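Q: Structure file upload.pdb (PDB, C-alpha atoms) right here:
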```
ATOM      1  CA  MET A   1      13.633  17.071  12.645
ATOM      2  CA  GLN A   2      11.208  20.007  12.680
ATOM      3  CA  ALA A   3       7.561  19.595  13.586
ATOM      4  CA  PRO A   4       5.640  17.815  10.812
ATOM      5  CA  ALA A   5       2.628  19.574   9.299
ATOM      6  CA  ALA A   6       1.058  16.447   7.745
ATOM      7  CA  VAL A   7       1.505  12.691   7.701
ATOM      8  CA  VAL A   8       0.940  10.546   4.618
ATOM      9  CA  PHE A   9       0.662   6.768   4.754
ATOM     10  CA  ASP A  10       1.518   4.052   2.319
ATOM     11  CA  VAL A  11      -1.469   1.690   2.316
ATOM     12  CA  PHE A  12      -0.745  -1.810   0.924
ATOM     13  CA  GLY A  13       1.227  -3.721   3.531
ATOM     14  CA  THR A  14       1.652  -0.722   5.823
ATOM     15  CA  LEU A  15      -1.992  -0.273   6.841
ATOM     16  CA  VAL A  16      -3.732  -3.322   5.382
ATOM     17  CA  ASP A  17      -2.907  -7.027   5.339
ATOM     18  CA  TRP A  18      -3.006  -8.004   1.662
ATOM     19  CA  TYR A  19      -1.444 -11.458   2.183
ATOM     20  CA  THR A  20      -4.175 -12.848   4.423
ATOM     21  CA  SER A  21      -7.022 -11.065   2.645
ATOM     22  CA  ILE A  22      -6.054 -12.155  -0.873
ATOM     23  CA  SER A  23      -5.049 -15.720   0.011
ATOM     24  CA  GLU A  24      -8.341 -16.297   1.832
ATOM     25  CA  ARG A  25     -10.301 -14.961  -1.127
ATOM     26  CA  ALA A  26      -8.301 -17.102  -3.546
ATOM     27  CA  ARG A  27      -8.965 -20.176  -1.412
ATOM     28  CA  ARG A  28     -12.715 -19.522  -1.402
ATOM     29  CA  ILE A  29     -12.861 -18.971  -5.142
ATOM     30  CA  ALA A  30     -10.824 -22.095  -5.899
ATOM     31  CA  ALA A  31     -13.026 -24.232  -3.628
ATOM     32  CA  ARG A  32     -16.178 -22.917  -5.229
ATOM     33  CA  ALA A  33     -14.782 -23.488  -8.731
ATOM     34  CA  GLY A  34     -13.459 -26.967  -7.886
ATOM     35  CA  VAL A  35      -9.922 -25.938  -8.810
ATOM     36  CA  GLU A  36      -6.825 -27.188  -7.000
ATOM     37  CA  LEU A  37      -4.841 -24.132  -5.990
ATOM     38  CA  ASP A  38      -2.139 -23.229  -3.463
ATOM     39  CA  ALA A  39      -3.705 -19.916  -2.446
ATOM     40  CA  GLU A  40      -0.724 -18.685  -0.432
ATOM     41  CA  ARG A  41       1.722 -19.369  -3.257
ATOM     42  CA  LEU A  42      -0.565 -17.668  -5.753
ATOM     43  CA  THR A  43      -0.755 -14.616  -3.504
ATOM     44  CA  VAL A  44       3.005 -14.332  -3.059
ATOM     45  CA  LEU A  45       3.778 -14.872  -6.746
ATOM     46  CA  TRP A  46       1.095 -12.422  -7.785
ATOM     47  CA  ARG A  47       2.342  -9.735  -5.425
ATOM     48  CA  GLY A  48       5.874 -10.446  -6.611
ATOM     49  CA  ARG A  49       4.885  -9.126 -10.036
ATOM     50  CA  TYR A  50       3.732  -5.828  -8.515
ATOM     51  CA  GLY A  51       7.104  -4.050  -8.627
ATOM     52  CA  PRO A  52       7.984  -4.928 -12.231
ATOM     53  CA  ALA A  53       4.473  -3.935 -13.368
ATOM     54  CA  LEU A  54       4.829  -0.527 -11.722
ATOM     55  CA  ASP A  55       8.309  -0.091 -13.166
ATOM     56  CA  ALA A  56       7.018  -0.551 -16.700
ATOM     57  CA  VAL A  57       4.767   2.481 -16.220
ATOM     58  CA  ARG A  58       7.236   4.471 -14.153
ATOM     59  CA  LEU A  59       9.982   3.987 -16.747
ATOM     60  CA  ARG A  60       7.532   4.903 -19.551
ATOM     61  CA  GLN A  61       7.763   1.493 -21.168
ATOM     62  CA  ARG A  62       3.970   1.609 -21.400
ATOM     63  CA  PRO A  63       1.297   4.302 -20.971
ATOM     64  CA  TRP A  64      -0.330   4.980 -17.622
ATOM     65  CA  CYS A  65      -2.835   2.368 -16.501
ATOM     66  CA  ASP A  66      -4.368   1.863 -13.102
ATOM     67  CA  LEU A  67      -3.653  -0.849 -10.572
ATOM     68  CA  ASP A  68      -6.730  -2.888 -11.489
ATOM     69  CA  GLN A  69      -5.390  -3.346 -15.006
ATOM     70  CA  LEU A  70      -1.900  -4.182 -13.770
ATOM     71  CA  HIS A  71      -3.335  -6.678 -11.276
ATOM     72  CA  ARG A  72      -5.499  -8.218 -13.992
ATOM     73  CA  GLU A  73      -2.530  -8.765 -16.289
ATOM     74  CA  SER A  74      -0.187 -10.040 -13.572
ATOM     75  CA  LEU A  75      -2.844 -12.429 -12.249
ATOM     76  CA  ALA A  76      -3.182 -14.009 -15.695
ATOM     77  CA  GLU A  77       0.614 -14.419 -15.824
ATOM     78  CA  THR A  78       0.680 -15.956 -12.340
ATOM     79  CA  LEU A  79      -2.103 -18.426 -13.096
ATOM     80  CA  ALA A  80      -0.275 -19.448 -16.267
ATOM     81  CA  GLU A  81       2.929 -19.995 -14.271
ATOM     82  CA  LEU A  82       1.037 -22.215 -11.837
ATOM     83  CA  GLY A  83      -0.788 -24.076 -14.598
ATOM     84  CA  VAL A  84      -4.159 -23.091 -13.107
ATOM     85  CA  ARG A  85      -7.224 -22.144 -15.119
ATOM     86  CA  LEU A  86      -9.854 -19.870 -13.608
ATOM     87  CA  ALA A  87     -12.923 -18.457 -15.283
ATOM     88  CA  GLU A  88     -12.757 -14.776 -16.209
ATOM     89  CA  ALA A  89     -15.411 -13.932 -13.622
ATOM     90  CA  ASP A  90     -13.347 -15.633 -10.914
ATOM     91  CA  GLN A  91     -10.261 -13.718 -11.981
ATOM     92  CA  GLU A  92     -12.182 -10.441 -11.814
ATOM     93  CA  GLU A  93     -13.342 -11.354  -8.317
ATOM     94  CA  LEU A  94      -9.729 -11.844  -7.305
ATOM     95  CA  VAL A  95      -8.724  -8.488  -8.801
ATOM     96  CA  ALA A  96     -11.590  -6.858  -6.909
ATOM     97  CA  GLY A  97     -10.142  -8.327  -3.730
ATOM     98  CA  TRP A  98      -7.554  -5.537  -3.664
ATOM     99  CA  HIS A  99     -10.460  -3.162  -3.000
ATOM    100  CA  GLN A 100     -11.380  -5.141   0.144
ATOM    101  CA  LEU A 101      -8.359  -5.732   2.358
ATOM    102  CA  ARG A 102      -8.535  -5.956   6.138
ATOM    103  CA  PRO A 103      -6.569  -3.460   8.231
ATOM    104  CA  TRP A 104      -3.822  -4.492  10.587
ATOM    105  CA  PRO A 105      -4.928  -4.416  14.242
ATOM    106  CA  GLY A 106      -5.086  -0.934  15.739
ATOM    107  CA  VAL A 107      -4.809   0.933  12.448
ATOM    108  CA  PRO A 108      -8.261   2.608  12.312
ATOM    109  CA  GLU A 109      -7.888   3.813  15.900
ATOM    110  CA  ALA A 110      -4.356   5.115  15.302
ATOM    111  CA  LEU A 111      -5.386   7.084  12.221
ATOM    112  CA  ALA A 112      -8.271   8.673  14.126
ATOM    113  CA  GLN A 113      -5.891   9.622  16.931
ATOM    114  CA  LEU A 114      -3.359  11.161  14.559
ATOM    115  CA  ARG A 115      -6.052  13.150  12.765
ATOM    116  CA  ARG A 116      -6.735  14.991  16.015
ATOM    117  CA  LEU A 117      -3.160  16.293  15.850
ATOM    118  CA  LEU A 118      -2.556  17.140  12.202
ATOM    119  CA  PRO A 119      -3.746  16.337   8.646
ATOM    120  CA  VAL A 120      -3.425  12.681   7.664
ATOM    121  CA  ALA A 121      -3.624  11.359   4.106
ATOM    122  CA  ALA A 122      -3.182   8.136   2.193
ATOM    123  CA  LEU A 123      -0.378   8.188  -0.379
ATOM    124  CA  SER A 124      -0.744   5.017  -2.400
ATOM    125  CA  ASN A 125      -0.071   3.483  -5.776
ATOM    126  CA  GLY A 126      -3.724   2.481  -5.731
ATOM    127  CA  HIS A 127      -5.970   4.624  -7.910
ATOM    128  CA  ILE A 128      -8.637   6.855  -6.420
ATOM    129  CA  ARG A 129     -11.582   4.482  -6.963
ATOM    130  CA  LEU A 130      -9.637   1.618  -5.393
ATOM    131  CA  LEU A 131      -8.686   3.776  -2.404
ATOM    132  CA  ILE A 132     -12.269   4.901  -1.851
ATOM    133  CA  ASP A 133     -13.457   1.295  -1.792
ATOM    134  CA  LEU A 134     -10.545   0.086   0.323
ATOM    135  CA  THR A 135     -10.696   2.793   2.974
ATOM    136  CA  ARG A 136     -14.457   2.412   3.357
ATOM    137  CA  TYR A 137     -14.163  -1.371   3.629
ATOM    138  CA  ALA A 138     -11.294  -1.266   6.130
ATOM    139  CA  GLY A 139     -12.712   1.612   8.175
ATOM    140  CA  LEU A 140      -9.708   3.857   7.566
ATOM    141  CA  SER A 141     -10.243   7.590   8.064
ATOM    142  CA  PHE A 142      -8.154  10.171   6.221
ATOM    143  CA  ASP A 143      -8.422  13.862   5.539
ATOM    144  CA  THR A 144      -7.783  13.145   1.870
ATOM    145  CA  LEU A 145      -6.747  10.377  -0.510
ATOM    146  CA  LEU A 146      -3.606  11.053  -2.530
ATOM    147  CA  SER A 147      -2.955   8.580  -5.312
ATOM    148  CA  ALA A 148      -0.050   8.039  -7.673
ATOM    149  CA  GLU A 149      -2.752   8.465 -10.307
ATOM    150  CA  LEU A 150      -2.635  12.227  -9.630
ATOM    151  CA  ALA A 151       1.006  12.294 -10.764
ATOM    152  CA  GLY A 152       0.507   9.928 -13.704
ATOM    153  CA  THR A 153       3.240   7.594 -12.515
ATOM    154  CA  TYR A 154       4.023   5.265  -9.619
ATOM    155  CA  LYS A 155       6.087   5.393  -6.450
ATOM    156  CA  PRO A 156       8.999   5.594  -5.985
ATOM    157  CA  HIS A 157       9.057   8.219  -8.766
ATOM    158  CA  PRO A 158       9.746  11.570  -7.053
ATOM    159  CA  ALA A 159       6.760  13.171  -8.804
ATOM    160  CA  VAL A 160       4.357  11.137  -6.653
ATOM    161  CA  TYR A 161       5.777  12.433  -3.366
ATOM    162  CA  GLN A 162       6.257  15.984  -4.657
ATOM    163  CA  THR A 163       2.691  16.065  -5.970
ATOM    164  CA  ALA A 164       1.429  14.999  -2.553
ATOM    165  CA  ALA A 165       3.323  17.794  -0.793
ATOM    166  CA  ARG A 166       2.158  20.351  -3.354
ATOM    167  CA  LEU A 167      -1.495  19.341  -3.023
ATOM    168  CA  LEU A 168      -1.185  19.549   0.751
ATOM    169  CA  GLY A 169       0.208  23.071   0.352
ATOM    170  CA  LEU A 170       3.410  22.174   2.168
ATOM    171  CA  ALA A 171       7.138  22.073   1.592
ATOM    172  CA  PRO A 172       8.222  18.443   1.205
ATOM    173  CA  ASP A 173      10.212  18.479   4.445
ATOM    174  CA  ARG A 174       7.042  19.299   6.429
ATOM    175  CA  VAL A 175       5.450  16.032   5.299
ATOM    176  CA  VAL A 176       6.212  12.627   6.871
ATOM    177  CA  LEU A 177       5.680   9.476   4.815
ATOM    178  CA  VAL A 178       4.952   6.369   6.878
ATOM    179  CA  ALA A 179       5.702   3.045   5.174
ATOM    180  CA  CYS A 180       6.915  -0.467   5.890
ATOM    181  CA  HIS A 181       8.895  -0.674   2.619
ATOM    182  CA  GLY A 182      12.458   0.503   2.295
ATOM    183  CA  TRP A 183      12.064   1.399  -1.387
ATOM    184  CA  ASP A 184       9.123   3.693  -0.560
ATOM    185  CA  LEU A 185      10.964   5.385   2.288
ATOM    186  CA  ALA A 186      14.028   5.890   0.084
ATOM    187  CA  GLY A 187      11.908   7.394  -2.698
ATOM    188  CA  ALA A 188      10.229   9.799  -0.292
ATOM    189  CA  ARG A 189      13.515  10.810   1.271
ATOM    190  CA  GLN A 190      15.045  11.517  -2.162
ATOM    191  CA  ALA A 191      12.023  13.701  -2.971
ATOM    192  CA  GLY A 192      12.609  15.745   0.184
ATOM    193  CA  LEU A 193       9.989  14.252   2.529
ATOM    194  CA  ARG A 194      10.636  13.086   6.067
ATOM    195  CA  THR A 195      10.137   9.388   6.693
ATOM    196  CA  ALA A 196       8.891   6.970   9.339
ATOM    197  CA  HIS A 197       9.358   3.217   9.223
ATOM    198  CA  LEU A 198       6.455   1.106  10.507
ATOM    199  CA  PRO A 199       7.547  -2.565  10.507
ATOM    200  CA  ARG A 200       5.223  -5.277   9.197
ATOM    201  CA  PRO A 201       7.259  -8.470   9.603
ATOM    202  CA  THR A 202       4.421 -10.756   8.453
ATOM    203  CA  GLU A 203       3.426  -8.688   5.415
ATOM    204  CA  TRP A 204       4.460 -11.578   3.139
ATOM    205  CA  GLY A 205       3.040 -14.244   5.413
ATOM    206  CA  PRO A 206       3.859 -15.790   8.795
ATOM    207  CA  ASN A 207       6.994 -17.531   7.531
ATOM    208  CA  ALA A 208       8.452 -14.621   5.571
ATOM    209  CA  PRO A 209      12.190 -14.038   6.080
ATOM    210  CA  ALA A 210      13.242 -11.103   8.254
ATOM    211  CA  ARG A 211      14.029  -7.872   6.452
ATOM    212  CA  ALA A 212      16.662  -5.299   7.272
ATOM    213  CA  VAL A 213      15.449  -2.140   8.999
ATOM    214  CA  PRO A 214      15.547   0.644   6.389
ATOM    215  CA  GLU A 215      16.858   4.151   6.973
ATOM    216  CA  ALA A 216      14.213   6.572   8.232
ATOM    217  CA  ASP A 217      13.881   9.711  10.363
ATOM    218  CA  ILE A 218      11.587   7.795  12.727
ATOM    219  CA  THR A 219      11.816   4.067  13.407
ATOM    220  CA  ALA A 220       8.773   2.847  15.310
ATOM    221  CA  SER A 221       8.269  -0.530  16.951
ATOM    222  CA  ASP A 222       4.541  -0.593  16.137
ATOM    223  CA  ILE A 223       1.717   1.776  15.233
ATOM    224  CA  THR A 224       1.115   2.841  18.836
ATOM    225  CA  ASP A 225       4.775   3.810  19.152
ATOM    226  CA  LEU A 226       4.546   5.632  15.812
ATOM    227  CA  VAL A 227       1.604   7.748  16.954
ATOM    228  CA  GLY A 228       3.419   8.618  20.171
ATOM    229  CA  ARG A 229       6.591   9.663  18.365
ATOM    230  CA  ILE A 230       4.743  11.838  15.853
ATOM    231  CA  ALA A 231       2.648  13.367  18.644
ATOM    232  CA  LEU A 232       5.830  14.443  20.448
ATOM    233  CA  LEU A 233       7.098  16.139  17.293
ATOM    234  CA  ALA A 234       3.767  17.733  16.419
ATOM    235  CA  THR A 235       3.001  19.130  19.875
ATOM    236  CA  PRO A 236       4.864  22.336  20.782
ATOM    237  CA  ALA A 237       6.823  22.136  24.023
ATOM    238  CA  SER A 238       5.349  24.150  26.905
ATOM    239  CA  GLY A 239       7.211  26.471  29.202
TER     240      GLY A 239
END
```
Kindly present the structure from the file in structure tokens form.

A:
Amino acid sequence: MQAPAAVVFDVFGTLVDWYTSISERARRIAARAGVELDAERLTVLWRGRYGPALDAVRLRQRPWCDLDQLHRESLAETLAELGVRLAEADQEELVAGWHQLRPWPGVPEALAQLRRLLPVAALSNGHIRLLIDLTRYAGLSFDTLLSAELAGTYKPHPAVYQTAARLLGLAPDRVVLVACHGWDLAGARQAGLRTAHLPRPTEWGPNAPARAVPEADITASDITDLVGRIALLATPASG
């Protein structure tokens, strides 16, 4: 693998903990509204609708719409499945929760360290406004924010990864995508990018079943290991 010229990161799950952040928000809203709600189950079911919602846009079954709208629609479907009624304002507060997710431990520091070596960008299915809010809230520092919105479709469509490389002014194989999701890594690899797997075993909660380790050019044990591996590739050997 040749020296990378930029690193792009998936955000949801890879850099931020959506499960804890959303379930805690749902619990607070339900308590305030006097509604009986299993916040963890709501969170998992809601996130479970994420992939199919993206596919509908990616496969051109519906026009482009941003993640807020997809989250709004899938939340209504999830609440209906659970037989729970929440006021519209409470639902909007839950949708807004995706703009305020806490980072996994060590992530802000790792991004700052990597940025001293080479350009670092977000590459997310979140739209630009969401990413601005999220990165400011979580204290994540990037050189730029690259959104699927710029390609008019969603990962893992190859256009998202190819658009990122083009906007960075690089050949795809000089860009490394870091993600915890096998489908994202596979999409990037098929689009010509290099890949790095960063495991997040509790992404879906503390009792989530173990997942197989996906194929990647780099397989890190944690974010500290990831930074070290990329640093070795990015730093020319002396002598």

Q: What is the CA of Ala179 (chain A) to CA of Asp10 (chain A) distance in Å?

A: 5.2 Å

Q: Might you spell out which residues the PyMOL selection byres ((chain A and resi 199-205) around 8) would select in the displayed file, as JSON, numbers by chain?

A: {"A": [13, 14, 17, 18, 19, 20, 44, 179, 180, 197, 198, 206, 207, 208, 210, 211, 220, 221, 222]}

Q: Of the candidates A:Asp90, A:Val95, A:Arg72, A:Ala148, which shows the shortest atom-to-atom distance to Ala31 (chain A), using all atoms listed in the file?

A: A:Asp90

Q: Assuming the chain letters and numbering stay as they are in my file, what does the PyMOL selection byres ((chain A and resi 176) around 6) actually select? List them as a ChimeraX atom specification.

A: /A:7,175,177,193-195

Q: State, in Å with one decimal place, the distance from CA of Leu118 (chain A) to CA of Pro4 (chain A).

A: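 Separation of CA of Leu118 (chain A) and CA of Pro4 (chain A): 8.3 Å.
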
Q: Determine the residue set returned by the PyMOL selection byres ((chain A and resi 75) around 12) for the present structure, and present it as a VMD selection string.

A: chain A and resid 22 26 42 to 50 53 67 to 74 76 to 82 84 to 86 88 90 to 98

Q: Hey, can you check how far CA of Leu114 (chain A) sits from CA of Val227 (chain A)?

A: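 That distance, rounded to one decimal, is 6.5 Å.
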
Q: Which of these, A:Leu170, A:Arg25, A:His157, A:Pro119, has the shortest distance to Leu145 (chain A) once you count only C-alpha atoms?

A: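 Comparing A:Leu170, A:Arg25, A:His157, A:Pro119 against Leu145 (chain A), the winner is A:Pro119.
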
Q: Would you please work out which residue, of A:Cys65, A:Ala122, A:Leu140, A:Val8, is nearest to Arg174 (chain A) when using all atoms listed in the file?

A: A:Val8

Q: Which residue is closest to Gln61 (chain A)? Choose from A:Leu185, A:Thr153, A:Ile230, A:Ala196 and count all atoms listed in the file.

A: A:Thr153

Q: Nearest to Ala30 (chain A) among A:Leu233, A:Ala87, A:Ala188, A:Leu167, with distances taken over all atoms listed in the file: which residue is it?

A: A:Ala87

Q: What would the list of residues within 7 Å of (12.3, 9.7, -7.8) (file frame) look like as a PyMOL selection string, if all atoms listed in the file are what count?

A: chain A and resi 156-159+187+190-191

Q: Can you spit out the residues from that selection as a short mmCIF file (atom, residue, chain, number, x, y, z; two decimals), keeping the file's coordinate frame, using C-alpha atoms?

A:
```cif
data_model
loop_
_atom_site.label_atom_id
_atom_site.label_comp_id
_atom_site.auth_asym_id
_atom_site.auth_seq_id
_atom_site.Cartn_x
_atom_site.Cartn_y
_atom_site.Cartn_z
CA PRO A 156 9.00 5.59 -5.98
CA HIS A 157 9.06 8.22 -8.77
CA PRO A 158 9.75 11.57 -7.05
CA ALA A 159 6.76 13.17 -8.80
CA GLY A 187 11.91 7.39 -2.70
CA GLN A 190 15.04 11.52 -2.16
CA ALA A 191 12.02 13.70 -2.97
#
```

Q: Can you pull out the residues contacting region 106-112 of chain A? Cut-off 7 Å, using all atoms listed in the file, and skip same-chain residues under 5 positions away; I want them as a PyMOL selection string.

A: chain A and resi 15+139-141+223-224+227

Q: Using only C-alpha atoms, which of A:Leu130, A:Pro209, A:Ser147, A:Ala6 sits nearest Gly169 (chain A)?

A: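 Under the stated criterion, the closest residue is A:Ala6.
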
Q: Let me have the centre and edge lengths of the axis-aligned box enclosing all listed atoms of region 181-186 of chain A with 8 Å padding on every side, in Å to one decimal, as JSON.

A:
```
{"center_x": 11.5, "center_y": 2.6, "center_z": 0.6, "size_x": 21.1, "size_y": 22.6, "size_z": 20.0}
```

Q: What would region 37-48 of chain A look like if you wrote it out as an mmCIF file, in the first residue's frame, with all heavy atoms included, from the block I just posted?

A:
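New file result17.cif:
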```
data_model
loop_
_atom_site.group_PDB
_atom_site.id
_atom_site.type_symbol
_atom_site.label_atom_id
_atom_site.label_comp_id
_atom_site.auth_asym_id
_atom_site.auth_seq_id
_atom_site.Cartn_x
_atom_site.Cartn_y
_atom_site.Cartn_z
ATOM 1 N N LEU A 37 -41.893 4.307 27.275
ATOM 2 C CA LEU A 37 -41.107 4.053 26.075
ATOM 3 C C LEU A 37 -39.841 3.292 26.437
ATOM 4 O O LEU A 37 -39.127 3.663 27.375
ATOM 5 C CB LEU A 37 -40.726 5.387 25.408
ATOM 6 C CG LEU A 37 -39.768 5.331 24.209
ATOM 7 C CD1 LEU A 37 -40.422 4.626 23.029
ATOM 8 C CD2 LEU A 37 -39.327 6.740 23.827
ATOM 9 N N ASP A 38 -39.547 2.230 25.688
ATOM 10 C CA ASP A 38 -38.279 1.520 25.781
ATOM 11 C C ASP A 38 -37.300 2.257 24.871
ATOM 12 O O ASP A 38 -37.281 2.038 23.651
ATOM 13 C CB ASP A 38 -38.456 0.068 25.347
ATOM 14 C CG ASP A 38 -37.187 -0.763 25.501
ATOM 15 O OD1 ASP A 38 -36.086 -0.169 25.486
ATOM 16 O OD2 ASP A 38 -37.290 -1.994 25.621
ATOM 17 N N ALA A 39 -36.510 3.152 25.450
ATOM 18 C CA ALA A 39 -35.666 4.044 24.656
ATOM 19 C C ALA A 39 -34.618 3.282 23.852
ATOM 20 O O ALA A 39 -34.330 3.645 22.702
ATOM 21 C CB ALA A 39 -34.992 5.067 25.564
ATOM 22 N N GLU A 40 -34.053 2.240 24.430
ATOM 23 C CA GLU A 40 -33.027 1.472 23.720
ATOM 24 C C GLU A 40 -33.621 0.744 22.518
ATOM 25 O O GLU A 40 -33.027 0.711 21.439
ATOM 26 C CB GLU A 40 -32.353 0.476 24.667
ATOM 27 C CG GLU A 40 -31.410 1.103 25.672
ATOM 28 C CD GLU A 40 -32.135 1.829 26.807
ATOM 29 O OE1 GLU A 40 -33.351 1.567 27.004
ATOM 30 O OE2 GLU A 40 -31.500 2.638 27.500
ATOM 31 N N ARG A 41 -34.813 0.175 22.704
ATOM 32 C CA ARG A 41 -35.447 -0.530 21.583
ATOM 33 C C ARG A 41 -35.827 0.457 20.482
ATOM 34 O O ARG A 41 -35.650 0.170 19.292
ATOM 35 C CB ARG A 41 -36.683 -1.288 22.072
ATOM 36 C CG ARG A 41 -37.294 -2.154 20.969
ATOM 37 C CD ARG A 41 -38.393 -3.052 21.474
ATOM 38 N NE ARG A 41 -38.928 -3.860 20.392
ATOM 39 C CZ ARG A 41 -40.205 -4.088 20.174
ATOM 40 N NH1 ARG A 41 -41.111 -3.579 20.991
ATOM 41 N NH2 ARG A 41 -40.604 -4.843 19.171
ATOM 42 N N LEU A 42 -36.359 1.595 20.876
ATOM 43 C CA LEU A 42 -36.672 2.624 19.878
ATOM 44 C C LEU A 42 -35.432 2.974 19.065
ATOM 45 O O LEU A 42 -35.477 3.048 17.828
ATOM 46 C CB LEU A 42 -37.198 3.879 20.567
ATOM 47 C CG LEU A 42 -37.276 5.125 19.669
ATOM 48 C CD1 LEU A 42 -38.447 5.006 18.705
ATOM 49 C CD2 LEU A 42 -37.378 6.405 20.476
ATOM 50 N N THR A 43 -34.316 3.175 19.756
ATOM 51 C CA THR A 43 -33.088 3.589 19.083
ATOM 52 C C THR A 43 -32.624 2.543 18.082
ATOM 53 O O THR A 43 -32.280 2.869 16.935
ATOM 54 C CB THR A 43 -31.980 3.854 20.124
ATOM 55 O OG1 THR A 43 -32.420 4.896 21.010
ATOM 56 C CG2 THR A 43 -30.686 4.275 19.457
ATOM 57 N N VAL A 44 -32.638 1.282 18.485
ATOM 58 C CA VAL A 44 -32.185 0.213 17.599
ATOM 59 C C VAL A 44 -33.128 0.047 16.406
ATOM 60 O O VAL A 44 -32.678 -0.096 15.253
ATOM 61 C CB VAL A 44 -32.043 -1.105 18.385
ATOM 62 C CG1 VAL A 44 -31.850 -2.287 17.443
ATOM 63 C CG2 VAL A 44 -30.877 -1.010 19.361
ATOM 64 N N LEU A 45 -34.428 0.072 16.651
ATOM 65 C CA LEU A 45 -35.379 -0.070 15.549
ATOM 66 C C LEU A 45 -35.295 1.112 14.591
ATOM 67 O O LEU A 45 -35.381 0.944 13.365
ATOM 68 C CB LEU A 45 -36.806 -0.197 16.098
ATOM 69 C CG LEU A 45 -37.135 -1.494 16.837
ATOM 70 C CD1 LEU A 45 -38.540 -1.431 17.422
ATOM 71 C CD2 LEU A 45 -37.013 -2.699 15.894
ATOM 72 N N TRP A 46 -35.142 2.289 15.155
ATOM 73 C CA TRP A 46 -35.035 3.484 14.312
ATOM 74 C C TRP A 46 -33.800 3.415 13.432
ATOM 75 O O TRP A 46 -33.873 3.619 12.219
ATOM 76 C CB TRP A 46 -34.997 4.708 15.226
ATOM 77 C CG TRP A 46 -35.094 6.046 14.555
ATOM 78 C CD1 TRP A 46 -35.421 6.295 13.254
ATOM 79 C CD2 TRP A 46 -34.873 7.325 15.163
ATOM 80 N NE1 TRP A 46 -35.418 7.644 13.014
ATOM 81 C CE2 TRP A 46 -35.084 8.304 14.164
ATOM 82 C CE3 TRP A 46 -34.519 7.723 16.447
ATOM 83 C CZ2 TRP A 46 -34.943 9.664 14.421
ATOM 84 C CZ3 TRP A 46 -34.390 9.075 16.713
ATOM 85 C CH2 TRP A 46 -34.598 10.041 15.706
ATOM 86 N N ARG A 47 -32.667 3.099 14.033
ATOM 87 C CA ARG A 47 -31.433 2.987 13.251
ATOM 88 C C ARG A 47 -31.522 1.850 12.244
ATOM 89 O O ARG A 47 -30.922 1.913 11.162
ATOM 90 C CB ARG A 47 -30.253 2.759 14.191
ATOM 91 C CG ARG A 47 -28.888 2.696 13.494
ATOM 92 C CD ARG A 47 -28.519 3.979 12.812
ATOM 93 N NE ARG A 47 -27.154 3.942 12.296
ATOM 94 C CZ ARG A 47 -26.571 4.925 11.638
ATOM 95 N NH1 ARG A 47 -27.234 6.046 11.394
ATOM 96 N NH2 ARG A 47 -25.336 4.802 11.199
ATOM 97 N N GLY A 48 -32.283 0.816 12.559
ATOM 98 C CA GLY A 48 -32.447 -0.289 11.631
ATOM 99 C C GLY A 48 -33.124 0.101 10.337
ATOM 100 O O GLY A 48 -33.000 -0.595 9.322
#
```
